[in-house]
Amino acid sequence: MRIAVIGTGVVGRTVAARLAELGHDVVVGTRDPSVTRERTQPDRFGTAFSTWLEKHAGLRLETFEAAAAHAELVVNATSGLVSLDALASAGAANLDGKILVDIANALDFSKGMPPAVRASSEESLAERIQTAFPGAHVVKTLNTMNAFLMVDPAQLAGGDHTVFLSGNDASAKARVSELLRSFGWRDIIDLGELSTARGTELLLPIWLSLMSALGIPPSNFQFKIVR
């Protein structure tokens with residue numbers, strides 16, 4: 001499948017690399033490819049983008065617009081506070097009729113760690129994206145965990161934990177579920193229409209509190225729904 005991953009942070013890089021490993025044709029979208037390629041300073045995770053890109057020669061770096069135009073499916077892995085702007089740069093016409101997998105959270109790091117969560121019980125980021133791009137089929141998932149667990153759930157408890165799914169289009173959710181299973185996910189709960197993403201986005205405050213209280217890396221804990 002032709003997939004565009006919009007965003008070059010640790011989440012975008014991790015998801016793009018895993019999708020490429022699985023055999024997909026992956027393009028990474030950024031605002032200015034020439035500027036992004038010149039990033040030689042390590043980020044807060046200790047990785048410089050230029051170094052990462054050299055290690056993943058099969059991945060292509062394009063503008064938001066070119067990446068979205070190329071893709072059959074688009075992954076929004078940008079910071080949630082800039083997601084709408086980034087997707088606007090990708091172009092509504094390039095998103096029309098396509099599945100748009102939103103894995104972002106609106107986190108405000110302006111005052112350091114932990115970030116403030118800019119989530120709402122009245123309208124989720126995923127719903128705002130759907131309103132802005134009505135021709136896309138937005139599916140919210142993977143936003144309640146660390147980036148490394150997103151693509152490799154088996155590294156924790158043998159993969160015995162839960163990933164949530166929200167969206168208005170049943171066929172789009174079925175396609176995204178296939179992708180999740182290819183990552184190794186077994187416990188996938190479809191919460192229903194896209195408005196249910198409000199709940200998963202509002203899980204972030206307790207997720208951040210757990211990270212602080214447990215004093216362990218965020219790849220070492222996850223949600224499991226027992227029934």
# chains A, B, ... in the order shown; residues from 1 in each chain; ligands from 1
call {"tool": "residues_around", "arguments": {"residues": "Trp52 (chain A)", "least_positions_apart": "5", "cutoff": "12 Å", "atoms": "only C-alpha atoms", "output": "PyMOL selection string"}}
result
chain A and resi 8-10+12-14+16-17+36-43+45-47+57-59+61
call {"tool": "closest_atom_pairs", "arguments": {"of": "region 34-89 of chain A", "to": "region 122-134 of chain A", "cutoff": "9 Å", "atoms": "only C-alpha atoms", "output": "JSON lines"}}
result
{"residue": "A:Gly80", "atom": "CA", "partner": "A:Leu125", "partner_atom": "CA", "distance": 7.2}
{"residue": "A:Leu81", "atom": "CA", "partner": "A:Leu125", "partner_atom": "CA", "distance": 8.9}
{"residue": "A:Ser83", "atom": "CA", "partner": "A:Ile129", "partner_atom": "CA", "distance": 8.0}
{"residue": "A:Leu84", "atom": "CA", "partner": "A:Ile129", "partner_atom": "CA", "distance": 6.4}
{"residue": "A:Leu87", "atom": "CA", "partner": "A:Ile129", "partner_atom": "CA", "distance": 8.4}
{"residue": "A:Ala88", "atom": "CA", "partner": "A:Ala132", "partner_atom": "CA", "distance": 8.5}
call {"tool": "residues_around", "arguments": {"residues": "Gly91 (chain A)", "least_positions_apart": "4", "cutoff": "10 Å", "atoms": "only C-alpha atoms", "output": "PyMOL selection string"}}
result
chain A and resi 64-66+68-69+85-87+95-96+133
call {"tool": "select_by_dssp", "arguments": {"residues": "region 25-167 of chain A", "states": "helix (DSSP H, G or I)", "output": "MDAnalysis selection string"}}
result
chainID A and resid 33:37 49:55 64:70 83:90 92:95 125:132 147:151 153:155 157:159
call {"tool": "closest_residue", "arguments": {"among": "A:Val82, A:Ile99, A:Met211, A:Leu107", "to": "Ala170 (chain A)", "atoms": "only C-alpha atoms"}}
result
A:Ile99
call {"tool": "closest_atom_pairs", "arguments": {"of": "region 45-100 of chain A", "to": "region 137-142 of chain A", "cutoff": "10 Å", "atoms": "only C-alpha atoms", "output": "CSV"}}
result
residue,atom,partner,partner_atom,distance
A:Leu73,CA,A:His137,CA,9.6
A:Val74,CA,A:Val138,CA,9.5
A:Val75,CA,A:Val139,CA,9.5
A:Asn76,CA,A:Lys140,CA,9.7
A:Leu95,CA,A:His137,CA,8.6
A:Asp96,CA,A:His137,CA,8.1
A:Gly97,CA,A:His137,CA,6.8
A:Lys98,CA,A:His137,CA,6.0
A:Ile99,CA,A:His137,CA,4.7
A:Leu100,CA,A:Val138,CA,4.7
call {"tool": "closest_residue", "arguments": {"among": "A:Ile6, A:Leu156, A:Val11, A:Met150", "to": "Val27 (chain A)", "atoms": "only C-alpha atoms"}}
result
A:Ile6
call {"tool": "residues_around", "arguments": {"residues": "region 159-169 of chain A", "least_positions_apart": "4", "cutoff": "10 Å", "atoms": "only C-alpha atoms", "output": "PDB file with N, CA, C and O atoms, in the first residue's frame"}}
result
ATOM      1  N   ILE A  99      -8.275   7.152   3.526  1.00  0.00           N
ATOM      2  CA  ILE A  99      -8.269   6.930   4.968  1.00  0.00           C
ATOM      3  C   ILE A  99      -7.201   7.818   5.584  1.00  0.00           C
ATOM      4  O   ILE A  99      -6.058   7.843   5.121  1.00  0.00           O
ATOM      5  N   VAL A 101      -5.493   8.250   9.105  1.00  0.00           N
ATOM      6  CA  VAL A 101      -5.315   7.675  10.437  1.00  0.00           C
ATOM      7  C   VAL A 101      -4.706   8.731  11.342  1.00  0.00           C
ATOM      8  O   VAL A 101      -3.552   9.143  11.144  1.00  0.00           O
ATOM      9  N   ASP A 102      -5.481   9.167  12.317  1.00  0.00           N
ATOM     10  CA  ASP A 102      -5.030  10.213  13.235  1.00  0.00           C
ATOM     11  C   ASP A 102      -4.501   9.570  14.514  1.00  0.00           C
ATOM     12  O   ASP A 102      -5.266   8.995  15.289  1.00  0.00           O
ATOM     13  N   ALA A 126      -9.552  14.564  16.414  1.00  0.00           N
ATOM     14  CA  ALA A 126      -9.962  13.762  15.256  1.00  0.00           C
ATOM     15  C   ALA A 126     -11.223  14.325  14.608  1.00  0.00           C
ATOM     16  O   ALA A 126     -11.332  14.372  13.368  1.00  0.00           O
ATOM     17  N   GLU A 127     -12.170  14.775  15.421  1.00  0.00           N
ATOM     18  CA  GLU A 127     -13.398  15.367  14.873  1.00  0.00           C
ATOM     19  C   GLU A 127     -13.105  16.697  14.179  1.00  0.00           C
ATOM     20  O   GLU A 127     -13.712  17.015  13.141  1.00  0.00           O
ATOM     21  N   GLN A 130     -11.796  15.810  10.862  1.00  0.00           N
ATOM     22  CA  GLN A 130     -12.871  15.349   9.972  1.00  0.00           C
ATOM     23  C   GLN A 130     -13.699  16.522   9.453  1.00  0.00           C
ATOM     24  O   GLN A 130     -14.074  16.560   8.274  1.00  0.00           O
ATOM     25  N   ALA A 136     -12.214  13.109   3.642  1.00  0.00           N
ATOM     26  CA  ALA A 136     -11.347  12.047   4.171  1.00  0.00           C
ATOM     27  C   ALA A 136     -12.151  11.146   5.096  1.00  0.00           C
ATOM     28  O   ALA A 136     -13.201  11.520   5.607  1.00  0.00           O
ATOM     29  N   HIS A 137     -11.641   9.932   5.307  1.00  0.00           N
ATOM     30  CA  HIS A 137     -12.252   8.990   6.241  1.00  0.00           C
ATOM     31  C   HIS A 137     -11.329   8.886   7.460  1.00  0.00           C
ATOM     32  O   HIS A 137     -10.373   8.107   7.473  1.00  0.00           O
ATOM     33  N   VAL A 138     -11.605   9.710   8.470  1.00  0.00           N
ATOM     34  CA  VAL A 138     -10.705   9.810   9.623  1.00  0.00           C
ATOM     35  C   VAL A 138     -10.948   8.648  10.585  1.00  0.00           C
ATOM     36  O   VAL A 138     -12.097   8.352  10.952  1.00  0.00           O
ATOM     37  N   VAL A 139      -9.861   8.008  10.988  1.00  0.00           N
ATOM     38  CA  VAL A 139      -9.901   6.942  11.987  1.00  0.00           C
ATOM     39  C   VAL A 139      -8.893   7.285  13.076  1.00  0.00           C
ATOM     40  O   VAL A 139      -7.726   7.536  12.780  1.00  0.00           O
ATOM     41  N   LYS A 140      -9.346   7.333  14.321  1.00  0.00           N
ATOM     42  CA  LYS A 140      -8.467   7.630  15.453  1.00  0.00           C
ATOM     43  C   LYS A 140      -8.013   6.336  16.095  1.00  0.00           C
ATOM     44  O   LYS A 140      -8.827   5.466  16.415  1.00  0.00           O
ATOM     45  N   THR A 141      -6.712   6.208  16.316  1.00  0.00           N
ATOM     46  CA  THR A 141      -6.180   5.019  16.979  1.00  0.00           C
ATOM     47  C   THR A 141      -4.745   5.290  17.432  1.00  0.00           C
ATOM     48  O   THR A 141      -4.137   6.296  17.041  1.00  0.00           O
ATOM     49  N   LEU A 142      -4.218   4.421  18.269  1.00  0.00           N
ATOM     50  CA  LEU A 142      -2.803   4.383  18.675  1.00  0.00           C
ATOM     51  C   LEU A 142      -2.338   5.595  19.490  1.00  0.00           C
ATOM     52  O   LEU A 142      -1.149   5.712  19.792  1.00  0.00           O
ATOM     53  N   ASN A 143      -3.252   6.472  19.896  1.00  0.00           N
ATOM     54  CA  ASN A 143      -2.820   7.697  20.579  1.00  0.00           C
ATOM     55  C   ASN A 143      -2.710   7.541  22.092  1.00  0.00           C
ATOM     56  O   ASN A 143      -2.434   8.514  22.785  1.00  0.00           O
ATOM     57  N   THR A 144      -2.918   6.339  22.615  1.00  0.00           N
ATOM     58  CA  THR A 144      -2.903   6.149  24.072  1.00  0.00           C
ATOM     59  C   THR A 144      -1.666   5.416  24.549  1.00  0.00           C
ATOM     60  O   THR A 144      -1.688   4.786  25.612  1.00  0.00           O
ATOM     61  N   MET A 145      -0.579   5.510  23.797  1.00  0.00           N
ATOM     62  CA  MET A 145       0.615   4.749  24.156  1.00  0.00           C
ATOM     63  C   MET A 145       1.873   5.382  23.572  1.00  0.00           C
ATOM     64  O   MET A 145       1.818   6.281  22.743  1.00  0.00           O
ATOM     65  N   LEU A 149       5.519   1.129  21.341  1.00  0.00           N
ATOM     66  CA  LEU A 149       4.456   0.140  21.523  1.00  0.00           C
ATOM     67  C   LEU A 149       3.469   0.171  20.370  1.00  0.00           C
ATOM     68  O   LEU A 149       2.866  -0.856  20.034  1.00  0.00           O
ATOM     69  N   MET A 150       3.264   1.315  19.768  1.00  0.00           N
ATOM     70  CA  MET A 150       2.342   1.413  18.643  1.00  0.00           C
ATOM     71  C   MET A 150       2.636   0.344  17.591  1.00  0.00           C
ATOM     72  O   MET A 150       1.719  -0.306  17.081  1.00  0.00           O
ATOM     73  N   ASP A 152       4.953  -2.248  17.907  1.00  0.00           N
ATOM     74  CA  ASP A 152       5.470  -3.520  18.411  1.00  0.00           C
ATOM     75  C   ASP A 152       4.852  -3.831  19.765  1.00  0.00           C
ATOM     76  O   ASP A 152       5.521  -3.797  20.796  1.00  0.00           O
ATOM     77  N   PRO A 153       3.547  -4.146  19.788  1.00  0.00           N
ATOM     78  CA  PRO A 153       2.881  -4.386  21.076  1.00  0.00           C
ATOM     79  C   PRO A 153       3.442  -5.576  21.835  1.00  0.00           C
ATOM     80  O   PRO A 153       3.338  -5.635  23.063  1.00  0.00           O
ATOM     81  N   ALA A 154       4.069  -6.523  21.127  1.00  0.00           N
ATOM     82  CA  ALA A 154       4.556  -7.745  21.779  1.00  0.00           C
ATOM     83  C   ALA A 154       5.695  -7.483  22.753  1.00  0.00           C
ATOM     84  O   ALA A 154       5.983  -8.338  23.603  1.00  0.00           O
ATOM     85  N   GLN A 155       6.314  -6.307  22.693  1.00  0.00           N
ATOM     86  CA  GLN A 155       7.424  -6.034  23.603  1.00  0.00           C
ATOM     87  C   GLN A 155       6.968  -5.869  25.049  1.00  0.00           C
ATOM     88  O   GLN A 155       7.776  -5.915  25.966  1.00  0.00           O
ATOM     89  N   LYS A 173     -12.357   1.694   9.053  1.00  0.00           N
ATOM     90  CA  LYS A 173     -11.914   1.081  10.314  1.00  0.00           C
ATOM     91  C   LYS A 173     -11.446  -0.353  10.082  1.00  0.00           C
ATOM     92  O   LYS A 173     -10.483  -0.808  10.722  1.00  0.00           O
ATOM     93  N   ALA A 174     -12.091  -1.064   9.161  1.00  0.00           N
ATOM     94  CA  ALA A 174     -11.665  -2.428   8.858  1.00  0.00           C
ATOM     95  C   ALA A 174     -10.265  -2.442   8.256  1.00  0.00           C
ATOM     96  O   ALA A 174      -9.429  -3.295   8.604  1.00  0.00           O
ATOM     97  N   VAL A 176      -7.924  -0.139   8.709  1.00  0.00           N
ATOM     98  CA  VAL A 176      -6.983   0.245   9.756  1.00  0.00           C
ATOM     99  C   VAL A 176      -6.774  -0.917  10.723  1.00  0.00           C
ATOM    100  O   VAL A 176      -5.655  -1.151  11.195  1.00  0.00           O
ATOM    101  N   SER A 177      -7.814  -1.664  11.009  1.00  0.00           N
ATOM    102  CA  SER A 177      -7.667  -2.846  11.876  1.00  0.00           C
ATOM    103  C   SER A 177      -6.691  -3.845  11.271  1.00  0.00           C
ATOM    104  O   SER A 177      -5.903  -4.469  11.992  1.00  0.00           O
ATOM    105  N   LEU A 180      -3.284  -2.594  12.026  1.00  0.00           N
ATOM    106  CA  LEU A 180      -2.958  -2.822  13.436  1.00  0.00           C
ATOM    107  C   LEU A 180      -2.579  -4.280  13.677  1.00  0.00           C
ATOM    108  O   LEU A 180      -1.621  -4.571  14.400  1.00  0.00           O
ATOM    109  N   GLY A 184       0.936  -6.441  15.056  1.00  0.00           N
ATOM    110  CA  GLY A 184       0.918  -7.425  16.134  1.00  0.00           C
ATOM    111  C   GLY A 184      -0.204  -7.241  17.132  1.00  0.00           C
ATOM    112  O   GLY A 184      -0.275  -7.967  18.126  1.00  0.00           O
ATOM    113  N   TRP A 185      -1.112  -6.288  16.871  1.00  0.00           N
ATOM    114  CA  TRP A 185      -2.209  -6.049  17.796  1.00  0.00           C
ATOM    115  C   TRP A 185      -3.258  -7.144  17.698  1.00  0.00           C
ATOM    116  O   TRP A 185      -3.670  -7.525  16.609  1.00  0.00           O
ATOM    117  N   ARG A 186      -3.696  -7.652  18.852  1.00  0.00           N
ATOM    118  CA  ARG A 186      -4.740  -8.677  18.909  1.00  0.00           C
ATOM    119  C   ARG A 186      -6.007  -8.153  19.586  1.00  0.00           C
ATOM    120  O   ARG A 186      -7.101  -8.536  19.201  1.00  0.00           O
ATOM    121  N   ASP A 187      -5.848  -7.318  20.600  1.00  0.00           N
ATOM    122  CA  ASP A 187      -6.992  -6.802  21.350  1.00  0.00           C
ATOM    123  C   ASP A 187      -7.325  -5.399  20.834  1.00  0.00           C
ATOM    124  O   ASP A 187      -6.824  -4.394  21.331  1.00  0.00           O
ATOM    125  N   ILE A 188      -8.172  -5.359  19.802  1.00  0.00           N
ATOM    126  CA  ILE A 188      -8.574  -4.105  19.159  1.00  0.00           C
ATOM    127  C   ILE A 188     -10.036  -3.853  19.493  1.00  0.00           C
ATOM    128  O   ILE A 188     -10.898  -4.675  19.164  1.00  0.00           O
ATOM    129  N   ILE A 189     -10.322  -2.749  20.165  1.00  0.00           N
ATOM    130  CA  ILE A 189     -11.701  -2.428  20.530  1.00  0.00           C
ATOM    131  C   ILE A 189     -12.185  -1.253  19.688  1.00  0.00           C
ATOM    132  O   ILE A 189     -11.633  -0.150  19.747  1.00  0.00           O
ATOM    133  N   ASP A 190     -13.206  -1.515  18.877  1.00  0.00           N
ATOM    134  CA  ASP A 190     -13.851  -0.476  18.090  1.00  0.00           C
ATOM    135  C   ASP A 190     -14.850   0.232  19.005  1.00  0.00           C
ATOM    136  O   ASP A 190     -15.882  -0.337  19.388  1.00  0.00           O
ATOM    137  N   LEU A 191     -14.556   1.472  19.350  1.00  0.00           N
ATOM    138  CA  LEU A 191     -15.406   2.222  20.276  1.00  0.00           C
ATOM    139  C   LEU A 191     -16.656   2.789  19.609  1.00  0.00           C
ATOM    140  O   LEU A 191     -17.597   3.178  20.293  1.00  0.00           O
ATOM    141  N   GLY A 192     -16.646   2.850  18.278  1.00  0.00           N
ATOM    142  CA  GLY A 192     -17.807   3.397  17.584  1.00  0.00           C
ATOM    143  C   GLY A 192     -17.448   4.609  16.743  1.00  0.00           C
ATOM    144  O   GLY A 192     -16.334   4.703  16.208  1.00  0.00           O
ATOM    145  N   GLU A 193     -18.385   5.548  16.628  1.00  0.00           N
ATOM    146  CA  GLU A 193     -18.187   6.701  15.758  1.00  0.00           C
ATOM    147  C   GLU A 193     -17.053   7.589  16.250  1.00  0.00           C
ATOM    148  O   GLU A 193     -16.543   7.437  17.371  1.00  0.00           O
ATOM    149  N   LEU A 194     -16.689   8.548  15.423  1.00  0.00           N
ATOM    150  CA  LEU A 194     -15.487   9.344  15.686  1.00  0.00           C
ATOM    151  C   LEU A 194     -15.577  10.152  16.966  1.00  0.00           C
ATOM    152  O   LEU A 194     -14.551  10.467  17.580  1.00  0.00           O
ATOM    153  N   SER A 195     -16.778  10.484  17.410  1.00  0.00           N
ATOM    154  CA  SER A 195     -16.918  11.251  18.647  1.00  0.00           C
ATOM    155  C   SER A 195     -16.340  10.511  19.855  1.00  0.00           C
ATOM    156  O   SER A 195     -15.988  11.143  20.858  1.00  0.00           O
ATOM    157  N   THR A 196     -16.207   9.193  19.768  1.00  0.00           N
ATOM    158  CA  THR A 196     -15.629   8.434  20.887  1.00  0.00           C
ATOM    159  C   THR A 196     -14.137   8.697  21.052  1.00  0.00           C
ATOM    160  O   THR A 196     -13.561   8.350  22.086  1.00  0.00           O
ATOM    161  N   ALA A 197     -13.527   9.345  20.065  1.00  0.00           N
ATOM    162  CA  ALA A 197     -12.121   9.726  20.196  1.00  0.00           C
ATOM    163  C   ALA A 197     -11.914  10.760  21.291  1.00  0.00           C
ATOM    164  O   ALA A 197     -10.795  10.936  21.783  1.00  0.00           O
ATOM    165  N   ARG A 198     -12.993  11.440  21.696  1.00  0.00           N
ATOM    166  CA  ARG A 198     -12.866  12.386  22.811  1.00  0.00           C
ATOM    167  C   ARG A 198     -12.363  11.649  24.052  1.00  0.00           C
ATOM    168  O   ARG A 198     -11.520  12.154  24.800  1.00  0.00           O
ATOM    169  N   GLY A 199     -12.879  10.462  24.270  1.00  0.00           N
ATOM    170  CA  GLY A 199     -12.479   9.686  25.437  1.00  0.00           C
ATOM    171  C   GLY A 199     -11.039   9.247  25.381  1.00  0.00           C
ATOM    172  O   GLY A 199     -10.312   9.347  26.380  1.00  0.00           O
ATOM    173  N   THR A 200     -10.587   8.767  24.228  1.00  0.00           N
ATOM    174  CA  THR A 200      -9.201   8.292  24.155  1.00  0.00           C
ATOM    175  C   THR A 200      -8.215   9.456  24.232  1.00  0.00           C
ATOM    176  O   THR A 200      -7.138   9.318  24.805  1.00  0.00           O
ATOM    177  N   PHE A 221       4.324   0.327  30.240  1.00  0.00           N
ATOM    178  CA  PHE A 221       2.958   0.189  30.749  1.00  0.00           C
ATOM    179  C   PHE A 221       1.983   0.532  29.635  1.00  0.00           C
ATOM    180  O   PHE A 221       2.331   1.214  28.669  1.00  0.00           O
ATOM    181  N   GLN A 222       0.757   0.028  29.795  1.00  0.00           N
ATOM    182  CA  GLN A 222      -0.261   0.234  28.775  1.00  0.00           C
ATOM    183  C   GLN A 222      -1.615  -0.093  29.370  1.00  0.00           C
ATOM    184  O   GLN A 222      -1.710  -0.691  30.448  1.00  0.00           O
ATOM    185  N   PHE A 223      -2.684   0.281  28.685  1.00  0.00           N
ATOM    186  CA  PHE A 223      -4.035  -0.024  29.122  1.00  0.00           C
ATOM    187  C   PHE A 223      -4.457  -1.407  28.647  1.00  0.00           C
ATOM    188  O   PHE A 223      -4.169  -1.791  27.505  1.00  0.00           O
ATOM    189  N   LYS A 224      -5.142  -2.138  29.511  1.00  0.00           N
ATOM    190  CA  LYS A 224      -5.734  -3.428  29.156  1.00  0.00           C
ATOM    191  C   LYS A 224      -7.162  -3.451  29.677  1.00  0.00           C
ATOM    192  O   LYS A 224      -7.398  -3.265  30.878  1.00  0.00           O
ATOM    193  N   ILE A 225      -8.113  -3.656  28.777  1.00  0.00           N
ATOM    194  CA  ILE A 225      -9.507  -3.753  29.154  1.00  0.00           C
ATOM    195  C   ILE A 225      -9.822  -5.226  29.441  1.00  0.00           C
ATOM    196  O   ILE A 225      -9.702  -6.078  28.561  1.00  0.00           O
ATOM    197  N   VAL A 226     -10.216  -5.504  30.691  1.00  0.00           N
ATOM    198  CA  VAL A 226     -10.539  -6.863  31.109  1.00  0.00           C
ATOM    199  C   VAL A 226     -12.057  -6.996  31.158  1.00  0.00           C
ATOM    200  O   VAL A 226     -12.740  -6.171  31.756  1.00  0.00           O
TER     201      VAL A 226
END
call {"tool": "atom_distance", "arguments": {"atom1": "CA of Glu72 (chain A)", "atom2": "CA of Ile3 (chain A)"}}
result
5.9 Å
call {"tool": "select_by_dssp", "arguments": {"residues": "region 41-216 of chain A", "states": "strand (DSSP E)", "output": "PyMOL selection string"}}
result
chain A and resi 60-63+73-76+99-102+107-108+116-117+137-141+162-167+187-192
